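Containing mmCIF, N, CA and C atoms: protein_21.cif.
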```cif
data_query
loop_
_atom_site.label_atom_id
_atom_site.label_comp_id
_atom_site.auth_asym_id
_atom_site.auth_seq_id
_atom_site.Cartn_x
_atom_site.Cartn_y
_atom_site.Cartn_z
N MET A 1221 36.18 17.28 -70.99
CA MET A 1221 34.92 17.39 -70.28
C MET A 1221 33.99 16.21 -70.57
N THR A 1222 34.06 15.68 -71.79
CA THR A 1222 33.20 14.55 -72.13
C THR A 1222 33.61 13.29 -71.39
N CYS A 1223 34.83 13.22 -70.94
CA CYS A 1223 35.33 12.07 -70.19
C CYS A 1223 34.93 12.14 -68.72
N VAL A 1224 34.64 13.33 -68.23
CA VAL A 1224 34.34 13.53 -66.82
C VAL A 1224 32.95 13.01 -66.47
N ARG A 1225 31.96 13.20 -67.32
CA ARG A 1225 30.59 12.76 -67.03
C ARG A 1225 30.48 11.25 -66.81
N PRO A 1226 31.01 10.43 -67.71
CA PRO A 1226 30.94 8.99 -67.46
C PRO A 1226 31.69 8.58 -66.20
N LEU A 1227 32.78 9.24 -65.92
CA LEU A 1227 33.54 8.94 -64.71
C LEU A 1227 32.75 9.30 -63.46
N LEU A 1228 32.09 10.46 -63.46
CA LEU A 1228 31.25 10.86 -62.33
C LEU A 1228 30.07 9.90 -62.16
N LEU A 1229 29.49 9.47 -63.28
CA LEU A 1229 28.39 8.51 -63.22
C LEU A 1229 28.86 7.19 -62.62
N LEU A 1230 30.01 6.73 -63.03
CA LEU A 1230 30.58 5.50 -62.49
C LEU A 1230 30.85 5.62 -60.99
N VAL A 1231 31.41 6.74 -60.55
CA VAL A 1231 31.67 6.97 -59.13
C VAL A 1231 30.36 7.00 -58.35
N ALA A 1232 29.33 7.65 -58.89
CA ALA A 1232 28.03 7.72 -58.21
C ALA A 1232 27.42 6.32 -58.06
N VAL A 1233 27.50 5.51 -59.11
CA VAL A 1233 26.95 4.15 -59.05
C VAL A 1233 27.70 3.32 -58.02
N VAL A 1234 29.01 3.41 -57.97
CA VAL A 1234 29.81 2.66 -57.00
C VAL A 1234 29.45 3.08 -55.58
N ILE A 1235 29.28 4.36 -55.34
CA ILE A 1235 28.95 4.86 -53.99
C ILE A 1235 27.56 4.39 -53.59
N LEU A 1236 26.58 4.49 -54.48
CA LEU A 1236 25.21 4.13 -54.14
C LEU A 1236 25.00 2.63 -53.98
N THR A 1237 25.70 1.83 -54.75
CA THR A 1237 25.50 0.38 -54.63
C THR A 1237 26.46 -0.27 -53.64
N GLY A 1238 27.44 0.44 -53.18
CA GLY A 1238 28.39 -0.12 -52.22
C GLY A 1238 27.79 -0.38 -50.86
N GLY A 1239 26.67 0.25 -50.54
CA GLY A 1239 26.05 0.09 -49.23
C GLY A 1239 24.86 -0.84 -49.23
N CYS A 1240 24.80 -1.78 -50.14
CA CYS A 1240 23.67 -2.70 -50.23
C CYS A 1240 24.11 -4.10 -49.83
N ALA A 1241 23.31 -4.74 -49.00
CA ALA A 1241 23.62 -6.12 -48.62
C ALA A 1241 22.33 -6.82 -48.19
N PHE A 1242 22.21 -8.09 -48.55
CA PHE A 1242 21.08 -8.90 -48.14
C PHE A 1242 21.64 -10.20 -47.58
N VAL A 1243 21.20 -10.57 -46.38
CA VAL A 1243 21.78 -11.72 -45.68
C VAL A 1243 20.66 -12.60 -45.15
N ARG A 1244 20.90 -13.91 -45.18
CA ARG A 1244 19.98 -14.85 -44.56
C ARG A 1244 20.80 -15.89 -43.83
N GLY A 1245 20.36 -16.24 -42.63
CA GLY A 1245 21.08 -17.23 -41.85
C GLY A 1245 20.15 -18.04 -40.99
N THR A 1246 20.55 -19.27 -40.70
CA THR A 1246 19.78 -20.12 -39.79
C THR A 1246 20.73 -20.71 -38.76
N TYR A 1247 20.16 -21.06 -37.62
CA TYR A 1247 20.94 -21.69 -36.56
C TYR A 1247 20.09 -22.77 -35.92
N GLY A 1248 20.67 -23.91 -35.71
CA GLY A 1248 19.95 -25.01 -35.07
C GLY A 1248 19.14 -25.80 -36.09
N GLU A 1249 18.67 -26.94 -35.66
CA GLU A 1249 17.87 -27.82 -36.51
C GLU A 1249 16.39 -27.60 -36.23
N GLU A 1250 15.60 -27.58 -37.27
CA GLU A 1250 14.16 -27.44 -37.12
C GLU A 1250 13.58 -28.73 -36.54
N VAL A 1251 12.73 -28.61 -35.53
CA VAL A 1251 12.10 -29.78 -34.91
C VAL A 1251 10.80 -30.05 -35.65
N LYS A 1252 10.68 -31.25 -36.17
CA LYS A 1252 9.50 -31.61 -36.96
C LYS A 1252 8.40 -32.17 -36.06
N PRO A 1253 7.13 -31.86 -36.38
CA PRO A 1253 6.01 -32.37 -35.57
C PRO A 1253 6.00 -33.89 -35.47
N LEU A 1254 6.44 -34.58 -36.52
CA LEU A 1254 6.46 -36.05 -36.48
C LEU A 1254 7.42 -36.55 -35.41
N ASP A 1255 8.56 -35.88 -35.25
CA ASP A 1255 9.52 -36.26 -34.21
C ASP A 1255 8.92 -36.02 -32.82
N LEU A 1256 8.18 -34.92 -32.66
CA LEU A 1256 7.56 -34.62 -31.37
C LEU A 1256 6.46 -35.62 -31.03
N SER A 1257 5.75 -36.09 -32.05
CA SER A 1257 4.66 -37.04 -31.78
C SER A 1257 5.19 -38.39 -31.29
N SER A 1258 6.46 -38.67 -31.50
CA SER A 1258 7.06 -39.92 -31.02
C SER A 1258 7.33 -39.89 -29.52
N ILE A 1259 7.33 -38.69 -28.94
CA ILE A 1259 7.63 -38.55 -27.50
C ILE A 1259 6.33 -38.64 -26.71
N LYS A 1260 6.28 -39.57 -25.79
CA LYS A 1260 5.09 -39.80 -24.96
C LYS A 1260 5.39 -39.45 -23.50
N LYS A 1261 4.52 -38.63 -22.92
CA LYS A 1261 4.68 -38.26 -21.51
C LYS A 1261 4.51 -39.50 -20.64
N GLY A 1262 5.42 -39.65 -19.67
CA GLY A 1262 5.32 -40.75 -18.72
C GLY A 1262 6.01 -42.03 -19.16
N THR A 1263 6.45 -42.13 -20.42
CA THR A 1263 7.10 -43.36 -20.86
C THR A 1263 8.43 -43.14 -21.59
N THR A 1264 8.57 -42.05 -22.32
CA THR A 1264 9.79 -41.83 -23.11
C THR A 1264 10.94 -41.40 -22.20
N THR A 1265 12.12 -41.96 -22.45
CA THR A 1265 13.31 -41.65 -21.63
C THR A 1265 14.16 -40.56 -22.28
N ARG A 1266 15.16 -40.09 -21.52
CA ARG A 1266 16.12 -39.09 -22.04
C ARG A 1266 16.82 -39.59 -23.30
N ALA A 1267 17.27 -40.84 -23.25
CA ALA A 1267 17.99 -41.41 -24.39
C ALA A 1267 17.10 -41.48 -25.63
N GLU A 1268 15.84 -41.82 -25.45
CA GLU A 1268 14.91 -41.89 -26.58
C GLU A 1268 14.65 -40.49 -27.16
N VAL A 1269 14.53 -39.49 -26.29
CA VAL A 1269 14.35 -38.11 -26.77
C VAL A 1269 15.55 -37.69 -27.61
N ALA A 1270 16.75 -38.01 -27.13
CA ALA A 1270 17.95 -37.66 -27.88
C ALA A 1270 18.00 -38.40 -29.21
N THR A 1271 17.47 -39.61 -29.26
CA THR A 1271 17.41 -40.36 -30.52
C THR A 1271 16.43 -39.70 -31.49
N PHE A 1272 15.26 -39.28 -30.98
CA PHE A 1272 14.24 -38.68 -31.84
C PHE A 1272 14.63 -37.28 -32.31
N LEU A 1273 15.13 -36.45 -31.39
CA LEU A 1273 15.37 -35.04 -31.70
C LEU A 1273 16.84 -34.67 -31.87
N GLY A 1274 17.73 -35.57 -31.51
CA GLY A 1274 19.15 -35.25 -31.56
C GLY A 1274 19.60 -34.65 -30.24
N ALA A 1275 20.86 -34.28 -30.18
CA ALA A 1275 21.41 -33.68 -28.96
C ALA A 1275 20.76 -32.32 -28.72
N PRO A 1276 20.39 -32.02 -27.47
CA PRO A 1276 19.78 -30.71 -27.20
C PRO A 1276 20.80 -29.58 -27.31
N GLU A 1277 20.30 -28.39 -27.62
CA GLU A 1277 21.17 -27.21 -27.68
C GLU A 1277 21.63 -26.82 -26.28
N ARG A 1278 20.78 -27.11 -25.31
CA ARG A 1278 21.06 -26.70 -23.93
C ARG A 1278 20.37 -27.68 -22.97
N ILE A 1279 21.05 -28.00 -21.87
CA ILE A 1279 20.46 -28.81 -20.81
C ILE A 1279 20.49 -28.00 -19.53
N VAL A 1280 19.32 -27.84 -18.92
CA VAL A 1280 19.20 -27.05 -17.69
C VAL A 1280 18.71 -27.98 -16.59
N GLU A 1281 19.27 -27.82 -15.39
CA GLU A 1281 18.82 -28.61 -14.25
C GLU A 1281 18.16 -27.67 -13.24
N VAL A 1282 16.88 -27.97 -12.92
CA VAL A 1282 16.11 -27.15 -11.99
C VAL A 1282 15.39 -28.07 -11.02
N ASN A 1283 15.65 -27.90 -9.73
CA ASN A 1283 14.98 -28.70 -8.68
C ASN A 1283 15.03 -30.20 -8.98
N ASP A 1284 16.21 -30.70 -9.26
CA ASP A 1284 16.42 -32.13 -9.56
C ASP A 1284 15.67 -32.61 -10.80
N HIS A 1285 15.28 -31.70 -11.66
CA HIS A 1285 14.65 -32.04 -12.93
C HIS A 1285 15.52 -31.51 -14.07
N GLU A 1286 15.68 -32.32 -15.12
CA GLU A 1286 16.42 -31.86 -16.29
C GLU A 1286 15.45 -31.32 -17.34
N ILE A 1287 15.91 -30.31 -18.06
CA ILE A 1287 15.13 -29.74 -19.15
C ILE A 1287 16.04 -29.71 -20.38
N PHE A 1288 15.60 -30.36 -21.47
CA PHE A 1288 16.30 -30.28 -22.74
C PHE A 1288 15.69 -29.13 -23.52
N GLN A 1289 16.53 -28.26 -24.04
CA GLN A 1289 16.05 -27.15 -24.87
C GLN A 1289 16.58 -27.32 -26.29
N TYR A 1290 15.67 -27.24 -27.23
CA TYR A 1290 16.00 -27.27 -28.65
C TYR A 1290 15.52 -25.95 -29.24
N TYR A 1291 16.35 -25.32 -30.07
CA TYR A 1291 15.89 -24.09 -30.71
C TYR A 1291 16.41 -23.97 -32.13
N HIS A 1292 15.67 -23.21 -32.91
CA HIS A 1292 15.98 -22.98 -34.31
C HIS A 1292 15.69 -21.51 -34.61
N PHE A 1293 16.65 -20.83 -35.23
CA PHE A 1293 16.49 -19.43 -35.61
C PHE A 1293 16.60 -19.29 -37.11
N ASP A 1294 15.78 -18.42 -37.67
CA ASP A 1294 15.85 -18.07 -39.09
C ASP A 1294 15.88 -16.55 -39.16
N MET A 1295 16.95 -16.00 -39.74
CA MET A 1295 17.13 -14.55 -39.77
C MET A 1295 17.30 -14.09 -41.21
N LYS A 1296 16.61 -12.98 -41.52
CA LYS A 1296 16.76 -12.34 -42.83
C LYS A 1296 17.01 -10.86 -42.57
N SER A 1297 17.99 -10.31 -43.27
CA SER A 1297 18.35 -8.92 -43.03
C SER A 1297 18.70 -8.26 -44.36
N GLY A 1298 18.30 -7.00 -44.48
CA GLY A 1298 18.62 -6.22 -45.67
C GLY A 1298 19.15 -4.86 -45.27
N LEU A 1299 20.14 -4.39 -46.01
CA LEU A 1299 20.74 -3.08 -45.76
C LEU A 1299 20.80 -2.34 -47.09
N LEU A 1300 20.25 -1.16 -47.12
CA LEU A 1300 20.28 -0.32 -48.31
C LEU A 1300 20.73 1.06 -47.89
N LEU A 1301 21.97 1.39 -48.21
CA LEU A 1301 22.62 2.63 -47.79
C LEU A 1301 22.57 2.74 -46.27
N PHE A 1302 21.72 3.61 -45.75
CA PHE A 1302 21.66 3.83 -44.30
C PHE A 1302 20.46 3.13 -43.65
N PHE A 1303 19.64 2.48 -44.43
CA PHE A 1303 18.42 1.86 -43.93
C PHE A 1303 18.60 0.36 -43.84
N SER A 1304 18.08 -0.23 -42.75
CA SER A 1304 18.19 -1.68 -42.62
C SER A 1304 16.91 -2.24 -42.02
N ARG A 1305 16.70 -3.53 -42.25
CA ARG A 1305 15.55 -4.22 -41.68
C ARG A 1305 15.97 -5.65 -41.41
N THR A 1306 15.65 -6.14 -40.23
CA THR A 1306 16.00 -7.51 -39.86
C THR A 1306 14.76 -8.21 -39.31
N ASN A 1307 14.52 -9.41 -39.79
CA ASN A 1307 13.43 -10.26 -39.30
C ASN A 1307 14.04 -11.53 -38.72
N VAL A 1308 13.61 -11.89 -37.51
CA VAL A 1308 14.11 -13.11 -36.87
C VAL A 1308 12.92 -13.93 -36.41
N ILE A 1309 12.95 -15.21 -36.73
CA ILE A 1309 11.93 -16.14 -36.25
C ILE A 1309 12.64 -17.18 -35.40
N SER A 1310 12.08 -17.46 -34.24
CA SER A 1310 12.68 -18.51 -33.41
C SER A 1310 11.62 -19.55 -33.07
N GLU A 1311 12.09 -20.75 -32.92
CA GLU A 1311 11.23 -21.86 -32.53
C GLU A 1311 11.93 -22.57 -31.37
N ASP A 1312 11.23 -22.69 -30.25
CA ASP A 1312 11.81 -23.33 -29.07
C ASP A 1312 10.99 -24.55 -28.68
N VAL A 1313 11.69 -25.61 -28.27
CA VAL A 1313 11.05 -26.81 -27.74
C VAL A 1313 11.75 -27.14 -26.43
N PHE A 1314 10.95 -27.32 -25.37
CA PHE A 1314 11.47 -27.69 -24.06
C PHE A 1314 10.90 -29.05 -23.68
N VAL A 1315 11.77 -29.98 -23.28
CA VAL A 1315 11.33 -31.30 -22.83
C VAL A 1315 11.74 -31.42 -21.37
N PHE A 1316 10.75 -31.61 -20.50
CA PHE A 1316 10.98 -31.69 -19.05
C PHE A 1316 11.00 -33.16 -18.63
N PHE A 1317 12.00 -33.51 -17.80
CA PHE A 1317 12.15 -34.87 -17.30
C PHE A 1317 11.98 -34.91 -15.79
N ASP A 1318 11.44 -36.02 -15.28
CA ASP A 1318 11.35 -36.19 -13.83
C ASP A 1318 12.70 -36.70 -13.30
N LYS A 1319 12.75 -37.01 -12.01
CA LYS A 1319 14.00 -37.44 -11.38
C LYS A 1319 14.53 -38.75 -11.95
N ASN A 1320 13.65 -39.56 -12.54
CA ASN A 1320 14.05 -40.85 -13.11
C ASN A 1320 14.42 -40.76 -14.59
N GLY A 1321 14.38 -39.55 -15.16
CA GLY A 1321 14.74 -39.39 -16.57
C GLY A 1321 13.63 -39.72 -17.54
N ILE A 1322 12.39 -39.67 -17.07
CA ILE A 1322 11.22 -39.93 -17.92
C ILE A 1322 10.55 -38.60 -18.25
N VAL A 1323 10.04 -38.47 -19.46
CA VAL A 1323 9.42 -37.21 -19.90
C VAL A 1323 8.19 -36.90 -19.06
N GLU A 1324 8.19 -35.70 -18.48
CA GLU A 1324 7.04 -35.20 -17.73
C GLU A 1324 6.16 -34.31 -18.60
N ASP A 1325 6.81 -33.45 -19.40
CA ASP A 1325 6.04 -32.49 -20.19
C ASP A 1325 6.87 -32.03 -21.39
N ILE A 1326 6.18 -31.57 -22.42
CA ILE A 1326 6.81 -30.98 -23.61
C ILE A 1326 6.15 -29.64 -23.85
N VAL A 1327 6.96 -28.61 -24.03
CA VAL A 1327 6.43 -27.27 -24.31
C VAL A 1327 7.04 -26.82 -25.64
N VAL A 1328 6.16 -26.46 -26.57
CA VAL A 1328 6.60 -26.02 -27.89
C VAL A 1328 6.18 -24.57 -28.08
N GLY A 1329 7.16 -23.72 -28.42
CA GLY A 1329 6.86 -22.32 -28.66
C GLY A 1329 6.05 -22.17 -29.93
N LYS A 1330 5.23 -21.13 -29.98
CA LYS A 1330 4.39 -20.88 -31.15
C LYS A 1330 5.26 -20.43 -32.31
N LYS A 1331 5.17 -21.15 -33.40
CA LYS A 1331 5.99 -20.83 -34.58
C LYS A 1331 5.25 -19.81 -35.44
N LYS A 1332 5.97 -18.76 -35.82
CA LYS A 1332 5.40 -17.73 -36.68
C LYS A 1332 5.71 -18.05 -38.13
N PRO A 1333 4.99 -17.41 -39.06
CA PRO A 1333 5.28 -17.68 -40.47
C PRO A 1333 6.69 -17.21 -40.85
N VAL A 1334 7.22 -17.83 -41.89
CA VAL A 1334 8.57 -17.48 -42.37
C VAL A 1334 8.57 -16.03 -42.86
N PRO A 1335 9.56 -15.23 -42.41
CA PRO A 1335 9.58 -13.83 -42.85
C PRO A 1335 9.97 -13.72 -44.32
N GLU A 1336 9.37 -12.76 -44.98
CA GLU A 1336 9.71 -12.51 -46.37
C GLU A 1336 10.82 -11.47 -46.42
N MET A 1337 11.69 -11.61 -47.42
CA MET A 1337 12.73 -10.60 -47.61
C MET A 1337 12.05 -9.33 -48.11
N GLN A 1338 12.31 -8.23 -47.44
CA GLN A 1338 11.70 -6.96 -47.81
C GLN A 1338 12.76 -6.02 -48.32
N PHE A 1339 12.52 -5.49 -49.51
CA PHE A 1339 13.48 -4.56 -50.09
C PHE A 1339 13.44 -3.22 -49.37
N TRP A 1340 12.24 -2.71 -49.10
CA TRP A 1340 12.09 -1.41 -48.48
C TRP A 1340 12.09 -1.58 -46.96
N PRO A 1341 12.92 -0.82 -46.24
CA PRO A 1341 13.08 -1.06 -44.80
C PRO A 1341 11.94 -0.53 -43.93
N PHE A 1342 10.96 0.17 -44.51
CA PHE A 1342 9.88 0.74 -43.70
C PHE A 1342 8.56 0.09 -44.04
N GLY A 1343 7.70 0.00 -43.04
CA GLY A 1343 6.34 -0.49 -43.26
C GLY A 1343 6.29 -1.95 -43.61
N GLU A 1344 5.13 -2.38 -44.02
CA GLU A 1344 4.93 -3.78 -44.37
C GLU A 1344 5.17 -3.92 -45.81
#
```

Taking this structure as input, can you express it in the form of structure tokens?
Amino acid sequence: MTCVRPLLLLVAVVILTGGCAFVRGTYGEEVKPLDLSSIKKGTTTRAEVATFLGAPERIVEVNDHEIFQYYHFDMKSGLLLFFSRTNVISEDVFVFFDKNGIVEDIVVGKKKPVPEMQFWPFGE
């Protein structure tokens, strides 16, 4: 009987801790404000944008205009037994070109603060 208690305790610990996981992942390159400040509307070309920001994640063509899309995701997730919480932050940058391949406009999505890893899946 004295051998059973430690064994039951060990089994309980294995069961309770087996469902815990914490994960963090990122996708894409973060676009720095200094790189964006190098792009000038009306003068910067497609090739120069690619030099400053790198290859775009996506190129879309709309009404004879090209749009370069750059994005960056930061994800943090925690799982504790049956409870989970996931925080995702995304940052998007769109560079619009005219028919001649010159920058017409730059749109930058509003960046939110970096999410903190939260142990408890409910509330703040």

>> Among range 1224-1305 of chain A, which ones does DSSP assign to strand (DSSP E or B) (computed from the backbone)? Answer as a ChimeraX atom specification.
In response: /A:1240-1247,1265,1278-1282,1285-1300,1303-1305

>> as a ChimeraX atom specification, please: every residue in range 1227-1320 of chain A that DSSP puts in helix (DSSP H, G or I).
In response: /A:1227-1237,1253-1257,1266-1273

> Could you name the residues that touch Thr1246 in chain A at 7 Å or less, counting only C-alpha atoms, but leaving out those on the same chain fewer than 4 positions away, as an NGL selection string?
Replying inline: :A and (1293-1295)

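Using all atoms listed in the file, the nearest neighbour of Ala1241 in chain A within the list A:Ile1326, A:Leu1299, A:Val1308, A:Val1269 is A:Leu1299.
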
>> Can you measure atom C of Asp1318 in chain A to atom N of Arg1266 in chain A for me? One decimal in Å is fine.
In response: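 So the answer is 9.2 Å.
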
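On the file presented, the PyMOL selection byres (((chain A and resi 1248 and name CA) around 7) and name CA) picks out A:Thr1246, A:Tyr1247, A:Glu1249, A:Glu1250, A:Tyr1291, A:His1292, A:Phe1293.
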
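Evaluating the PyMOL selection byres ((chain A and resi 1243) around 6) against the shown model yields A:Ala1241, A:Phe1242, A:Arg1244, A:Gly1245, A:Met1295, A:Lys1296, A:Ser1297, A:Gly1298.
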
Write the selection just made, keeping N, CA and C atoms, as a compact mmCIF listing (two decimals), in the frame of the given file?
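Once everything was written out, this is part.txt:
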```txt
# COMPACT_ATOMS: atom_id res chain seq x y z
N ALA A 1241 23.31 -4.74 -49.00
CA ALA A 1241 23.62 -6.12 -48.62
C ALA A 1241 22.33 -6.82 -48.19
N PHE A 1242 22.21 -8.09 -48.55
CA PHE A 1242 21.08 -8.90 -48.14
C PHE A 1242 21.64 -10.20 -47.58
N ARG A 1244 20.90 -13.91 -45.18
CA ARG A 1244 19.98 -14.85 -44.56
C ARG A 1244 20.80 -15.89 -43.83
N GLY A 1245 20.36 -16.24 -42.63
CA GLY A 1245 21.08 -17.23 -41.85
C GLY A 1245 20.15 -18.04 -40.99
N MET A 1295 16.95 -16.00 -39.74
CA MET A 1295 17.13 -14.55 -39.77
C MET A 1295 17.30 -14.09 -41.21
N LYS A 1296 16.61 -12.98 -41.52
CA LYS A 1296 16.76 -12.34 -42.83
C LYS A 1296 17.01 -10.86 -42.57
N SER A 1297 17.99 -10.31 -43.27
CA SER A 1297 18.35 -8.92 -43.03
C SER A 1297 18.70 -8.26 -44.36
N GLY A 1298 18.30 -7.00 -44.48
CA GLY A 1298 18.62 -6.22 -45.67
C GLY A 1298 19.15 -4.86 -45.27
```

>> Could you list, as a list in words, every residue matched by the PyMOL selection byres (((chain A and resi 1280 and name CA) around 12) and name CA) in this structure?
In response: Pro1276, Glu1277, Arg1278, Ile1279, Glu1281, Val1282, Asn1283, Asp1284, His1285, Glu1286, Ile1287, Phe1288, Gln1289, Tyr1290, Phe1314, Val1315, Phe1316 and Phe1317 of chain A

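Rounded to one decimal, CA of Thr1264 in chain A and CA of Asn1320 in chain A lie 10.9 Å from each other.
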
> What does the distance from atom N of Asn1307 in chain A to CA of Val1251 in chain A come to in Å, to one decimal?
Replying inline: 21.1 Å

>> Ranking A:Leu1229, A:Ile1309, A:Ala1267, A:Ala1275 by minimum distance to Val1323 in chain A and counting only C-alpha atoms, which one comes first?
In response: A:Ala1267

> Pick the closest to Ile1322 in chain A from A:Pro1253, A:Pro1226, A:Gly1262, A:Gly1274: which is it, counting all atoms listed in the file?
Replying inline: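 Closest residue, counting all atoms listed in the file: A:Gly1262.
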
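Distance annotation: of A:Phe1272, A:Asp1312, A:Thr1263, A:Leu1228, the residue with the minimal separation from Asp1325 in chain A is A:Thr1263; atom set is only C-alpha atoms.
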